[in-house]
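What follows is the content of entry_28.csv, which has CSV, C-alpha atoms and all ligand atoms:
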chain,number,residue,atom,x,y,z
A,1,MET,CA,105.9,97.1,188.0
A,2,ARG,CA,108.7,97.3,190.5
A,3,PRO,CA,110.3,93.9,190.9
A,4,THR,CA,110.6,94.5,194.7
A,5,TYR,CA,107.2,93.7,196.1
A,6,ALA,CA,105.2,92.5,199.1
A,7,GLU,CA,103.3,89.3,198.2
A,8,ILE,CA,100.0,89.2,200.2
A,9,ASP,CA,98.6,85.7,200.4
A,10,LEU,CA,94.9,86.1,200.8
A,11,SER,CA,94.3,82.4,201.1
A,12,ASN,CA,96.5,82.5,204.3
A,13,LEU,CA,94.5,85.5,205.5
A,14,LYS,CA,91.3,83.5,205.1
A,15,PHE,CA,92.9,80.4,206.7
A,16,ASN,CA,93.9,82.4,209.8
A,17,TYR,CA,90.5,84.0,210.0
A,18,ILE,CA,88.6,80.7,209.7
A,19,ASN,CA,90.8,79.2,212.4
A,20,ILE,CA,90.0,82.1,214.7
A,21,ARG,CA,86.3,81.6,213.9
A,22,LYS,CA,86.5,78.0,214.8
A,23,LYS,CA,88.3,78.8,218.1
A,24,VAL,CA,85.8,81.5,219.2
A,25,LYS,CA,82.8,79.4,218.0
A,26,ASN,CA,79.6,81.4,218.1
A,27,LYS,CA,81.2,84.8,219.2
A,28,LYS,CA,81.1,87.8,216.8
A,29,ILE,CA,84.3,88.9,215.2
A,30,MET,CA,85.5,92.5,214.8
A,31,ALA,CA,88.4,92.4,212.4
A,32,VAL,CA,91.0,95.0,213.2
A,33,VAL,CA,92.1,96.5,209.9
A,34,LYS,CA,93.7,99.8,211.1
A,35,ALA,CA,97.0,101.0,209.6
A,36,ASP,CA,96.0,99.8,206.2
A,37,ALA,CA,95.4,96.3,207.6
A,38,TYR,CA,98.8,96.3,209.4
A,39,GLY,CA,100.4,97.1,206.1
A,40,HIS,CA,98.6,94.4,204.1
A,41,GLY,CA,96.2,96.7,202.2
A,42,VAL,CA,92.8,97.4,203.7
A,43,LYS,CA,90.7,97.1,200.6
A,44,GLU,CA,91.9,93.7,199.6
A,45,THR,CA,91.9,92.4,203.2
A,46,VAL,CA,88.3,93.5,203.8
A,47,ASN,CA,87.2,92.2,200.4
A,48,ALA,CA,88.8,88.8,201.1
A,49,LEU,CA,87.1,88.6,204.5
A,50,ASN,CA,83.8,89.7,203.2
A,51,SER,CA,83.9,87.0,200.5
A,52,LEU,CA,83.4,84.4,203.2
A,53,GLY,CA,79.6,84.7,203.2
A,54,GLN,CA,78.0,84.0,206.5
A,55,ARG,CA,81.3,83.6,208.2
A,56,LYS,CA,82.4,87.2,207.4
A,57,PRO,CA,83.3,89.6,210.3
A,58,GLU,CA,80.3,91.2,212.0
A,59,TYR,CA,82.3,94.4,212.7
A,60,TYR,CA,85.5,96.1,211.5
A,61,ALA,CA,87.8,98.3,213.6
A,62,VAL,CA,90.2,101.1,212.7
A,63,ALA,CA,92.2,103.6,214.7
A,64,VAL,CA,91.2,107.0,213.2
A,65,LEU,CA,88.3,108.6,211.4
A,66,GLU,CA,90.1,108.8,208.0
A,67,GLU,CA,90.5,105.0,208.0
A,68,ALA,CA,86.8,104.6,208.9
A,69,LYS,CA,85.8,106.7,206.0
A,70,GLU,CA,88.0,104.7,203.7
A,71,LEU,CA,86.1,101.6,204.8
A,72,VAL,CA,82.7,103.3,204.2
A,73,GLY,CA,84.0,104.1,200.7
A,74,LEU,CA,84.4,100.4,200.1
A,75,LYS,CA,80.7,100.1,200.4
A,76,ILE,CA,80.8,97.4,203.0
A,77,LYS,CA,77.8,96.7,205.2
A,78,GLN,CA,79.4,96.1,208.6
A,79,PRO,CA,79.7,98.8,211.3
A,80,VAL,CA,83.1,100.3,211.7
A,81,LEU,CA,84.4,101.1,215.2
A,82,ILE,CA,87.0,103.8,215.6
A,83,PHE,CA,89.3,103.0,218.6
A,84,GLU,CA,90.5,106.6,219.0
A,85,PRO,CA,87.9,109.1,220.2
A,86,ILE,CA,86.6,111.8,217.8
A,87,ILE,CA,88.4,115.0,218.5
A,88,LYS,CA,87.2,118.6,218.0
A,89,GLU,CA,89.3,118.9,214.8
A,90,ASP,CA,87.0,116.3,213.3
A,91,ILE,CA,83.9,118.4,213.8
A,92,ASP,CA,82.0,119.0,210.6
A,93,SER,CA,83.1,115.6,209.2
A,94,VAL,CA,80.2,113.5,208.3
A,95,LEU,CA,79.8,110.5,210.6
A,96,PHE,CA,78.0,108.0,208.5
A,97,LYS,CA,75.6,105.8,210.5
A,98,GLN,CA,78.0,102.9,209.9
A,99,ILE,CA,80.8,104.6,211.8
A,100,ILE,CA,80.8,104.0,215.5
A,101,PRO,CA,83.0,106.3,217.6
A,102,THR,CA,84.6,105.4,220.9
A,103,VAL,CA,83.6,107.5,223.8
A,104,PHE,CA,84.7,107.7,227.4
A,105,ASN,CA,84.1,111.2,228.7
A,106,ASP,CA,81.7,114.1,228.5
A,107,GLU,CA,83.9,116.0,226.1
A,108,HIS,CA,83.6,113.2,223.5
A,109,LEU,CA,79.8,113.3,223.8
A,110,ARG,CA,79.8,117.1,223.4
A,111,ILE,CA,81.9,116.9,220.3
A,112,LEU,CA,79.7,114.2,218.7
A,113,LEU,CA,76.5,116.1,219.5
A,114,LYS,CA,77.9,119.4,218.1
A,115,ASN,CA,79.0,117.6,215.0
A,116,ASN,CA,75.6,115.9,214.6
A,117,LYS,CA,73.8,119.2,214.9
A,118,GLN,CA,76.1,121.0,212.5
A,119,ILE,CA,75.4,118.5,209.8
A,120,SER,CA,71.7,118.0,210.7
A,121,SER,CA,70.6,120.1,207.7
A,122,GLY,CA,71.9,117.3,205.5
A,123,SER,CA,70.5,113.8,205.5
A,124,LYS,CA,73.5,112.3,207.3
A,125,ALA,CA,72.8,113.3,210.9
A,126,GLN,CA,71.9,110.4,213.1
A,127,SER,CA,68.9,110.4,215.2
A,128,ARG,CA,70.7,108.6,218.0
A,129,ILE,CA,74.5,108.5,217.7
A,130,ARG,CA,75.7,104.9,218.1
A,131,VAL,CA,78.8,104.6,220.3
A,132,HIS,CA,81.0,102.1,222.0
A,133,VAL,CA,82.2,103.0,225.5
A,134,LYS,CA,85.8,102.2,226.3
A,135,ILE,CA,86.7,101.1,229.8
A,136,ASP,CA,90.2,101.4,231.2
A,137,THR,CA,90.8,98.3,233.3
A,138,GLY,CA,94.5,98.8,233.7
A,139,MET,CA,96.1,99.7,230.3
A,140,ASN,CA,96.1,103.4,231.3
A,141,ARG,CA,95.9,104.6,227.8
A,142,LEU,CA,92.3,105.2,226.7
A,143,GLY,CA,89.0,104.8,228.5
A,144,VAL,CA,87.0,105.7,231.5
A,145,LYS,CA,88.6,104.1,234.6
A,146,TYR,CA,86.8,100.9,235.6
A,147,ASN,CA,85.8,102.2,239.0
A,148,GLU,CA,84.3,105.4,237.6
A,149,ALA,CA,82.6,103.6,234.6
A,150,LEU,CA,79.3,102.6,236.2
A,151,ASN,CA,78.4,106.3,236.7
A,152,PHE,CA,79.4,107.3,233.2
A,153,VAL,CA,77.7,104.4,231.4
A,154,HIS,CA,74.6,105.0,233.6
A,155,ARG,CA,74.4,108.6,232.6
A,156,LEU,CA,75.0,107.8,229.0
A,157,SER,CA,72.3,105.2,228.9
A,158,ARG,CA,69.8,107.8,229.9
A,159,ASN,CA,70.9,110.3,227.3
A,160,LYS,CA,68.5,110.1,224.4
A,161,ASN,CA,71.0,111.5,221.9
A,162,PHE,CA,73.1,108.4,222.1
A,163,LEU,CA,72.7,104.6,221.8
A,164,ILE,CA,75.3,102.4,223.5
A,165,ASP,CA,76.0,99.8,220.8
A,166,GLY,CA,78.9,98.3,222.7
A,167,MET,CA,81.4,98.4,225.5
A,168,TYR,CA,84.9,97.3,225.6
A,169,THR,CA,88.3,97.1,227.3
A,170,HIS,CA,91.8,96.3,226.1
A,171,PHE,CA,94.4,94.0,227.7
A,172,ALA,CA,98.0,95.1,228.4
A,173,THR,CA,99.5,91.7,228.8
A,174,SER,CA,97.3,89.0,227.3
A,175,ASP,CA,100.2,87.9,225.1
A,176,GLU,CA,102.5,87.3,228.1
A,177,LYS,CA,103.2,84.0,229.7
A,178,ASP,CA,102.2,85.4,233.1
A,179,LYS,CA,98.5,86.1,232.8
A,180,GLU,CA,98.0,87.5,236.3
A,181,PHE,CA,97.5,91.1,235.2
A,182,ALA,CA,95.3,90.1,232.3
A,183,TYR,CA,93.1,88.2,234.8
A,184,LEU,CA,92.9,91.2,237.1
A,185,GLN,CA,91.8,93.4,234.1
A,186,LEU,CA,89.2,90.7,233.3
A,187,GLU,CA,87.9,90.7,236.9
A,188,ARG,CA,87.5,94.4,236.9
A,189,PHE,CA,85.7,94.3,233.6
A,190,ASN,CA,83.4,91.4,234.7
A,191,LYS,CA,82.5,93.3,237.8
A,192,LEU,CA,81.4,96.3,235.8
A,193,VAL,CA,79.4,94.2,233.4
A,194,PHE,CA,77.7,92.5,236.3
A,195,GLU,CA,76.9,95.8,238.0
A,196,LEU,CA,75.5,97.3,234.8
A,197,LYS,CA,73.3,94.4,234.2
A,198,ALA,CA,72.1,94.5,237.8
A,199,ALA,CA,71.2,98.1,237.3
A,200,GLY,CA,69.2,97.2,234.2
A,201,ILE,CA,71.6,99.0,231.9
A,202,ARG,CA,72.3,97.4,228.5
A,203,PRO,CA,75.9,97.9,227.5
A,204,GLY,CA,75.3,96.4,224.0
A,205,VAL,CA,78.0,94.2,222.4
A,206,ILE,CA,80.7,93.5,225.0
A,207,HIS,CA,84.2,92.9,223.8
A,208,ALA,CA,87.7,92.6,225.1
A,209,ALA,CA,89.9,90.0,223.5
A,210,ASN,CA,92.8,90.9,221.2
A,211,SER,CA,94.9,88.2,219.6
A,212,GLY,CA,96.7,87.3,222.9
A,213,ALA,CA,93.4,86.7,224.7
A,214,ILE,CA,91.7,85.0,221.7
A,215,ILE,CA,94.6,82.5,221.8
A,216,ASP,CA,94.9,82.0,225.5
A,217,ILE,CA,92.0,83.5,227.5
A,218,PRO,CA,88.6,82.1,226.3
A,219,ASP,CA,87.0,83.6,229.4
A,220,ALA,CA,87.6,87.0,227.8
A,221,TYR,CA,85.5,86.4,224.7
A,222,PHE,CA,82.2,88.0,225.9
A,223,ASP,CA,80.1,88.7,222.8
A,224,MET,CA,82.8,89.6,220.4
A,225,VAL,CA,86.6,89.3,219.8
A,226,ARG,CA,89.0,91.7,218.1
A,227,PRO,CA,91.8,89.9,216.3
A,228,GLY,CA,94.5,92.0,214.6
A,229,ILE,CA,97.9,90.5,214.2
A,230,SER,CA,96.6,86.9,214.2
A,231,LEU,CA,94.6,87.6,211.0
A,232,TYR,CA,97.9,88.5,209.4
A,233,GLY,CA,99.5,85.2,210.5
A,234,TYR,CA,101.6,86.1,213.5
A,235,TYR,CA,101.2,85.3,217.2
A,236,PRO,CA,101.3,88.5,219.2
A,237,SER,CA,104.4,87.4,221.1
A,238,THR,CA,106.7,84.4,221.5
A,239,GLU,CA,105.1,83.6,224.9
A,240,THR,CA,101.5,82.7,223.8
A,241,THR,CA,100.5,79.1,223.1
A,242,GLU,CA,99.9,78.3,219.5
A,243,SER,CA,96.3,77.2,220.1
A,244,ILE,CA,95.3,78.6,216.7
A,245,ARG,CA,97.2,77.6,213.6
A,246,LEU,CA,98.4,80.7,211.7
A,247,LYS,CA,100.3,81.3,208.5
A,248,PRO,CA,102.0,84.6,207.7
A,249,VAL,CA,100.2,86.6,205.0
A,250,MET,CA,103.0,88.9,203.8
A,251,SER,CA,106.2,88.0,202.1
A,252,ILE,CA,108.8,90.4,200.8
A,253,VAL,CA,110.4,89.5,197.5
A,254,SER,CA,113.0,91.1,195.3
A,255,TYR,CA,115.7,90.0,192.8
A,256,VAL,CA,119.4,89.9,192.2
A,257,ALA,CA,120.0,93.2,190.5
A,258,SER,CA,123.8,93.0,190.1
A,259,ILE,CA,126.8,90.9,191.1
A,260,LYS,CA,130.3,92.2,192.0
A,261,GLU,CA,133.4,90.2,192.7
A,262,ILE,CA,135.6,91.5,195.5
A,263,GLU,CA,139.0,90.7,196.9
A,264,PRO,CA,140.0,90.0,200.5
A,265,GLY,CA,140.2,93.2,202.4
A,266,GLU,CA,137.7,95.1,200.3
A,267,SER,CA,134.7,96.7,202.0
A,268,VAL,CA,131.0,97.0,201.2
A,269,SER,CA,128.7,100.1,201.5
A,270,TYR,CA,128.6,103.2,203.6
A,271,GLY,CA,130.9,103.3,206.6
A,272,ARG,CA,132.8,100.2,205.5
A,273,LEU,CA,131.1,98.0,208.1
A,274,PHE,CA,131.8,94.8,206.2
A,275,TYR,CA,135.3,93.6,204.9
A,276,ALA,CA,135.7,90.5,202.8
A,277,GLU,CA,138.0,87.9,204.3
A,278,ARG,CA,138.3,86.0,201.1
A,279,TYR,CA,137.5,86.4,197.4
A,280,THR,CA,133.7,86.6,197.3
A,281,LYS,CA,130.7,87.7,195.2
A,282,ILE,CA,128.5,90.5,196.5
A,283,ILE,CA,125.0,90.8,195.1
A,284,SER,CA,122.9,93.9,195.3
A,285,VAL,CA,119.1,93.8,195.9
A,286,PRO,CA,116.9,96.9,195.2
A,287,ILE,CA,115.3,97.4,198.6
A,288,GLY,CA,116.3,99.8,201.4
A,289,TYR,CA,115.2,101.6,204.5
A,290,ALA,CA,112.9,103.8,202.4
A,291,ASP,CA,111.0,100.6,201.8
A,292,GLY,CA,110.9,99.5,205.4
A,293,TYR,CA,114.0,97.4,205.3
A,294,ASN,CA,115.3,98.9,208.6
A,295,ARG,CA,118.8,100.3,208.7
A,296,ASN,CA,119.5,98.4,211.9
A,297,LEU,CA,119.3,95.1,210.0
A,298,THR,CA,122.8,96.0,208.7
A,299,ASN,CA,125.1,93.0,208.8
A,300,LYS,CA,122.6,91.0,210.7
A,301,SER,CA,119.7,89.9,208.5
A,302,LYS,CA,119.5,87.1,206.0
A,303,ALA,CA,117.5,86.1,202.9
A,304,ILE,CA,116.6,83.0,200.9
A,305,LEU,CA,118.0,82.6,197.4
A,306,ASN,CA,118.2,79.3,195.4
A,307,GLY,CA,117.2,77.3,198.4
A,308,LYS,CA,120.0,78.7,200.6
A,309,ILE,CA,120.3,81.3,203.3
A,310,TYR,CA,122.7,84.2,202.7
A,311,ASN,CA,124.0,87.0,205.0
A,312,GLN,CA,123.2,90.6,204.3
A,313,VAL,CA,126.4,92.5,204.5
A,314,GLY,CA,127.4,96.2,204.7
A,315,ARG,CA,125.2,99.2,205.7
A,316,VAL,CA,121.6,99.0,204.6
A,317,THR,CA,121.1,102.0,202.3
A,318,MET,CA,118.0,103.9,201.3
A,319,ASP,CA,117.3,101.9,198.2
A,320,ARG,CA,119.6,99.0,198.1
A,321,ILE,CA,121.2,96.2,200.2
A,322,MET,CA,123.9,93.7,199.6
A,323,PHE,CA,124.4,90.0,200.3
A,324,ASP,CA,127.6,87.9,200.4
A,325,VAL,CA,127.0,84.8,198.2
A,326,GLY,CA,130.5,83.5,198.3
A,327,ASN,CA,131.5,81.6,195.2
A,328,ASP,CA,128.0,80.3,194.5
A,329,ASN,CA,126.5,80.2,191.1
A,330,VAL,CA,124.1,83.1,191.5
A,331,LYS,CA,122.7,84.9,188.4
A,332,VAL,CA,121.3,88.4,187.9
A,333,GLY,CA,117.5,88.3,187.8
A,334,GLN,CA,117.1,85.5,190.3
A,335,LYS,CA,114.4,85.8,192.9
A,336,ILE,CA,115.4,86.5,196.5
A,337,ILE,CA,113.0,86.2,199.5
A,338,LEU,CA,113.7,88.8,202.2
A,339,MET,CA,110.8,87.8,204.3
A,340,GLY,CA,108.8,84.6,203.8
A,341,LYS,CA,109.3,80.9,202.9
A,342,ASP,CA,110.9,79.2,200.0
A,343,LYS,CA,112.1,75.6,199.3
A,344,GLY,CA,111.5,74.5,202.9
A,345,LEU,CA,113.4,77.5,204.3
A,346,LYS,CA,111.8,80.3,206.4
A,347,TYR,CA,112.9,83.8,207.2
A,348,ASP,CA,110.0,85.8,208.5
A,349,ALA,CA,108.9,89.0,210.4
A,350,TRP,CA,110.0,87.3,213.7
A,351,ASP,CA,113.5,87.0,212.4
A,352,TRP,CA,113.6,90.7,211.5
A,353,SER,CA,111.9,91.5,214.9
A,354,HIS,CA,114.5,89.6,217.0
A,355,ILE,CA,117.3,91.6,215.4
A,356,LEU,CA,115.4,94.9,215.7
A,357,GLY,CA,114.0,94.4,219.2
A,358,THR,CA,110.5,94.7,218.0
A,359,ILE,CA,107.4,92.7,217.0
A,360,PRO,CA,106.0,91.6,213.6
A,361,TYR,CA,103.3,94.3,213.9
A,362,GLU,CA,105.9,97.0,213.4
A,363,ILE,CA,107.6,95.2,210.7
A,364,THR,CA,104.6,94.7,208.4
A,365,CYS,CA,103.2,98.2,209.2
A,366,ASN,CA,106.5,99.7,208.2
A,367,ILE,CA,106.7,98.2,204.7
A,368,SER,CA,106.3,101.5,202.9
A,369,LYS,CA,104.0,102.5,200.1
A,370,ARG,CA,106.8,102.3,197.7
A,371,VAL,CA,106.6,98.5,197.9
A,372,PRO,CA,103.8,97.4,195.6
A,373,ARG,CA,101.4,94.8,197.2
A,374,ILE,CA,100.8,91.8,194.9
A,375,TYR,CA,97.7,89.8,195.9
A,376,LYS,CA,97.6,86.0,195.6
A,377,ASP,CA,94.5,84.0,196.2
A,401,LIG,C1,91.7,98.3,221.1
A,401,LIG,C2,92.4,97.3,220.3
A,401,LIG,N1,91.8,96.1,220.1
A,401,LIG,C3,92.3,95.1,219.4
A,401,LIG,C4,93.6,95.2,218.8
A,401,LIG,C5,94.1,94.1,218.1
A,401,LIG,O1,95.3,93.6,218.8
A,401,LIG,P1,96.1,92.4,218.2
A,401,LIG,O2,96.7,92.9,216.9
A,401,LIG,O3,97.2,92.1,219.2
A,401,LIG,O4,95.2,91.2,217.9
A,401,LIG,C6,94.2,96.4,218.9
A,401,LIG,C7,95.6,96.6,218.3
A,401,LIG,O5,96.4,97.3,218.8
A,401,LIG,C8,93.6,97.5,219.7
A,401,LIG,O6,94.3,98.7,219.8

Could you write out this structure as structure tokens?
Amino acid sequence: MRPTYAEIDLSNLKFNYINIRKKVKNKKIMAVVKADAYGHGVKETVNALNSLGQRKPEYYAVAVLEEAKELVGLKIKQPVLIFEPIIKEDIDSVLFKQIIPTVFNDEHLRILLKNNKQISSGSKAQSRIRVHVKIDTGMNRLGVKYNEALNFVHRLSRNKNFLIDGMYTHFATSDEKDKEFAYLQLERFNKLVFELKAAGIRPGVIHAANSGAIIDIPDAYFDMVRPGISLYGYYPSTETTESIRLKPVMSIVSYVASIKEIEPGESVSYGRLFYAERYTKIISVPIGYADGYNRNLTNKSKAILNGKIYNQVGRVTMDRIMFDVGNDNVKVGQKIILMGKDKGLKYDAWDWSHILGTIPYEITCNISKRVPRIYKD
């Protein structure tokens, strides 16, 4: 096996999940496992969560149809919501009963109906197609606009081809310190829920809260919550409270592959972006931007080796990076932690994110397939 790997700590995943469970008490949980469980490996993530007996998630969610099919292939029992609507290119694909598409306009309904008819000769066609309706309360990305939703949901509820299993919205700023807009979204959604109930329409399982809202807006829990990043051990931003204890699940580990001694004035890597000011030792580590070690980390990131933090130096290359270890007694073969914790030191996806102007979501999703995932329980 390649000695550069992502260690996935499934006990931390379960720790985070159980802490979310405790926080939301009797609410249902829809575990968001899109993008290969944010880069952690969907199969192992789902198996770990499903090993929790009665506390396991009630639903799973993914972004696209292929991901939903992968989950069905794992023979899990829970329904799987697809956040993105089914598009006409997906017609003819079998929509297993367990897969719940998102809908928010008539075109989505037409596509689902056509698809259901087309496969009706087989046994897979559903008598009533279960859907979740997405309401746009201000994100302006997906969903029927909140002030047009009553009409749409009303019509849908009378359409015998469909069963409204749930209704949801998504927050744009639940992870920001200033919650004003999140509360406006919540108010719009609450109004719709109230109006639907008053009209005798059952919207099914109502859900809204992503990690930011789970952490900071208990009023947004409704019937079910949708944690993503918090499962994987990160707060969605640096502005939320830490009302739930979380531990990062992914670490990136490699080893000292070679050591080179260089003189003052010598440079390292492409473009000569680092010059030694003194005699020093440069180690090389077999990971690069093809693995998700972003090229913009050049000369800025750090790693943990032998209980000490060292600077990455010289241009990050496709397959290899270098560190300046000074005159320290470093040996070929020693383990180096590029993301994670060791001997009381920490260098995590937030440290990468601050350099790259991004968030841990993008960091863990971008650890490429070339990096084997090693699971620890
Ligand atoms: C609709 C929806 N719900 C929930 C989530 C989970 O969000 P988070 O990872 O911030 O918890 C996402 C993620 O992007 C999403 O798109």

Checklist entry - Mind listing the residues within 6 Å of ligand LIG 401 (chain A), only C-alpha atoms and all ligand atoms counted, as an MDAnalysis selection string? => result chainID A and resid 32 83 170 210:211 226:230 236

Shell around range 36-51 of chain A at 10 Å using all atoms listed in the file, local window under 3 positions removed, as a compact mmCIF listing (two decimals) with C-alpha atoms, keeping the file's coordinate frame:
# COMPACT_ATOMS: atom_id res chain seq x y z
CA ALA A 6 105.20 92.50 199.10
CA GLU A 7 103.30 89.30 198.20
CA ILE A 8 100.00 89.20 200.20
CA ASP A 9 98.60 85.70 200.40
CA LEU A 10 94.90 86.10 200.80
CA SER A 11 94.30 82.40 201.10
CA LEU A 13 94.50 85.50 205.50
CA LYS A 14 91.30 83.50 205.10
CA TYR A 17 90.50 84.00 210.00
CA ILE A 18 88.60 80.70 209.70
CA ALA A 31 88.40 92.40 212.40
CA VAL A 32 91.00 95.00 213.20
CA VAL A 33 92.10 96.50 209.90
CA GLN A 54 78.00 84.00 206.50
CA ARG A 55 81.30 83.60 208.20
CA LYS A 56 82.40 87.20 207.40
CA PRO A 57 83.30 89.60 210.30
CA GLU A 58 80.30 91.20 212.00
CA TYR A 60 85.50 96.10 211.50
CA ALA A 61 87.80 98.30 213.60
CA VAL A 62 90.20 101.10 212.70
CA GLU A 67 90.50 105.00 208.00
CA GLU A 70 88.00 104.70 203.70
CA LEU A 71 86.10 101.60 204.80
CA GLY A 73 84.00 104.10 200.70
CA LEU A 74 84.40 100.40 200.10
CA ILE A 76 80.80 97.40 203.00
CA LYS A 77 77.80 96.70 205.20
CA GLN A 78 79.40 96.10 208.60
CA GLY A 228 94.50 92.00 214.60
CA ILE A 229 97.90 90.50 214.20
CA LEU A 231 94.60 87.60 211.00
CA TYR A 232 97.90 88.50 209.40
CA VAL A 249 100.20 86.60 205.00
CA MET A 250 103.00 88.90 203.80
CA PRO A 360 106.00 91.60 213.60
CA TYR A 361 103.30 94.30 213.90
CA GLU A 362 105.90 97.00 213.40
CA ILE A 363 107.60 95.20 210.70
CA THR A 364 104.60 94.70 208.40
CA CYS A 365 103.20 98.20 209.20
CA ASN A 366 106.50 99.70 208.20
CA ILE A 367 106.70 98.20 204.70
CA SER A 368 106.30 101.50 202.90
CA LYS A 369 104.00 102.50 200.10
CA ARG A 373 101.40 94.80 197.20
CA ILE A 374 100.80 91.80 194.90
CA TYR A 375 97.70 89.80 195.90
CA ASP A 377 94.50 84.00 196.20

Item to check | Atomic separation - CA of Pro248 in chain A relative to CA of Ile337 in chain A, Å | outcome: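 So the two atoms, CA of Ile337 in chain A and CA of Pro248 in chain A, lie 13.8 Å apart.
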
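Separating CA of Ile283 in chain A from CA of Val316 in chain A is a distance of 13.0 Å.
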
Item to check | Glu187 in chain A surroundings by only C-alpha atoms, 12 Å radius, close-in-sequence under 2 positions cut, as a ChimeraX atom specification | outcome: /A:137-138,146-147,169,171,180-185,189-194,208,219-220

Next on the checklist: What's around Leu246 in chain A at 7 Å? Count all atoms listed in the file, leave out sequence neighbours fewer than 6 positions away in its own chain, and write the answer as a PyMOL selection string.
Outcome noted: chain A and resi 16+230+233-234

Checklist entry - If you count all atoms listed in the file, which residues fall within 9 Å of Phe222 in chain A, apart from same-chain ones fewer than 2 positions away, as a count of residues only? => result 11

Item to check | Top pick for closest residue to Gly314 in chain A, considering A:Arg188, A:Lys134, A:Arg278, A:Lys300 and counting all atoms listed in the file | outcome: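 Residue with the minimum atom-to-atom distance to Gly314 in chain A: A:Lys300.
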
Checklist entry - Using all atoms listed in the file, which of A:Phe162, A:Phe96, A:Tyr255, A:Tyr275 sits nearest Asn299 in chain A? => result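 With all atoms listed in the file as the atom set, the closest residue is A:Tyr275.
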
Next on the checklist: Nearest residue to Ser127 in chain A out of A:Asn306, A:Thr280, A:Asn105, A:Asn161, using all atoms listed in the file?
Outcome noted: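 Smallest separation from Ser127 in chain A among the options: A:Asn161.
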
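The gap separating CA of Arg21 in chain A from CA of Gly166 in chain A is 20.3 Å, in Å to one decimal.
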
Item to check | Protein/DNA/RNA residues near (115.8, 89.0, 211.2), cut 9 Å, only C-alpha atoms, as a list of chain:residue names | outcome: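 Here the neighbourhood of the point contains A:Leu297, A:Lys300, A:Ser301, A:Lys302, A:Ala303, A:Met339, A:Tyr347, A:Asp348, A:Ala349, A:Trp350, A:Asp351, A:Trp352, A:Ser353, A:His354, A:Ile355, A:Leu356.
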
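Among A:Ile262, A:Ile359, A:Ala149, A:Val371, the residue with the shortest atom-to-atom distance to Ala290 in chain A, counting only C-alpha atoms, is A:Val371.
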
Near Tyr279 in chain A, counting only C-alpha atoms, which residues have an atom at most 12 Å away, once you skip same-chain residues fewer than 5 positions from it, shown as a PDB file with C-alpha atoms, in the coordinates of the input?
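Full text of out-v4.pdb as output:
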ATOM      1  CA  LYS A 260     130.300  92.200 192.000  1.00  0.00           C
ATOM      2  CA  GLU A 261     133.400  90.200 192.700  1.00  0.00           C
ATOM      3  CA  ILE A 262     135.600  91.500 195.500  1.00  0.00           C
ATOM      4  CA  GLU A 263     139.000  90.700 196.900  1.00  0.00           C
ATOM      5  CA  PRO A 264     140.000  90.000 200.500  1.00  0.00           C
ATOM      6  CA  GLY A 265     140.200  93.200 202.400  1.00  0.00           C
ATOM      7  CA  GLU A 266     137.700  95.100 200.300  1.00  0.00           C
ATOM      8  CA  SER A 267     134.700  96.700 202.000  1.00  0.00           C
ATOM      9  CA  ASP A 324     127.600  87.900 200.400  1.00  0.00           C
ATOM     10  CA  VAL A 325     127.000  84.800 198.200  1.00  0.00           C
ATOM     11  CA  GLY A 326     130.500  83.500 198.300  1.00  0.00           C
ATOM     12  CA  ASN A 327     131.500  81.600 195.200  1.00  0.00           C
ATOM     13  CA  ASP A 328     128.000  80.300 194.500  1.00  0.00           C
TER      14      ASP A 328
END

Just range 52-60 of chain A, please, as a short mmCIF file (atom, residue, chain, number, x, y, z; two decimals), in the first residue's frame (only N, CA and C atoms).
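Output below, filename decode32.cif:
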data_model
loop_
_atom_site.label_atom_id
_atom_site.label_comp_id
_atom_site.auth_asym_id
_atom_site.auth_seq_id
_atom_site.Cartn_x
_atom_site.Cartn_y
_atom_site.Cartn_z
N LEU A 52 -24.80 1.80 14.76
CA LEU A 52 -25.19 2.39 16.04
C LEU A 52 -26.58 1.98 16.51
N GLY A 53 -27.09 0.91 15.94
CA GLY A 53 -28.37 0.36 16.39
C GLY A 53 -29.50 1.38 16.26
N GLN A 54 -30.27 1.53 17.32
CA GLN A 54 -31.44 2.41 17.27
C GLN A 54 -31.08 3.87 17.04
N ARG A 55 -29.85 4.21 17.35
CA ARG A 55 -29.48 5.63 17.20
C ARG A 55 -29.05 5.97 15.78
N LYS A 56 -29.05 5.00 14.89
CA LYS A 56 -28.54 5.25 13.53
C LYS A 56 -29.41 6.30 12.81
N PRO A 57 -28.88 6.92 11.74
CA PRO A 57 -29.65 7.96 11.06
C PRO A 57 -30.95 7.41 10.48
N GLU A 58 -31.97 8.25 10.46
CA GLU A 58 -33.27 7.85 9.89
C GLU A 58 -33.26 7.98 8.37
N TYR A 59 -32.45 8.92 7.87
CA TYR A 59 -32.36 9.17 6.43
C TYR A 59 -30.88 9.41 6.08
N TYR A 60 -30.57 9.23 4.81
CA TYR A 60 -29.28 9.70 4.28
C TYR A 60 -29.56 10.70 3.17
#
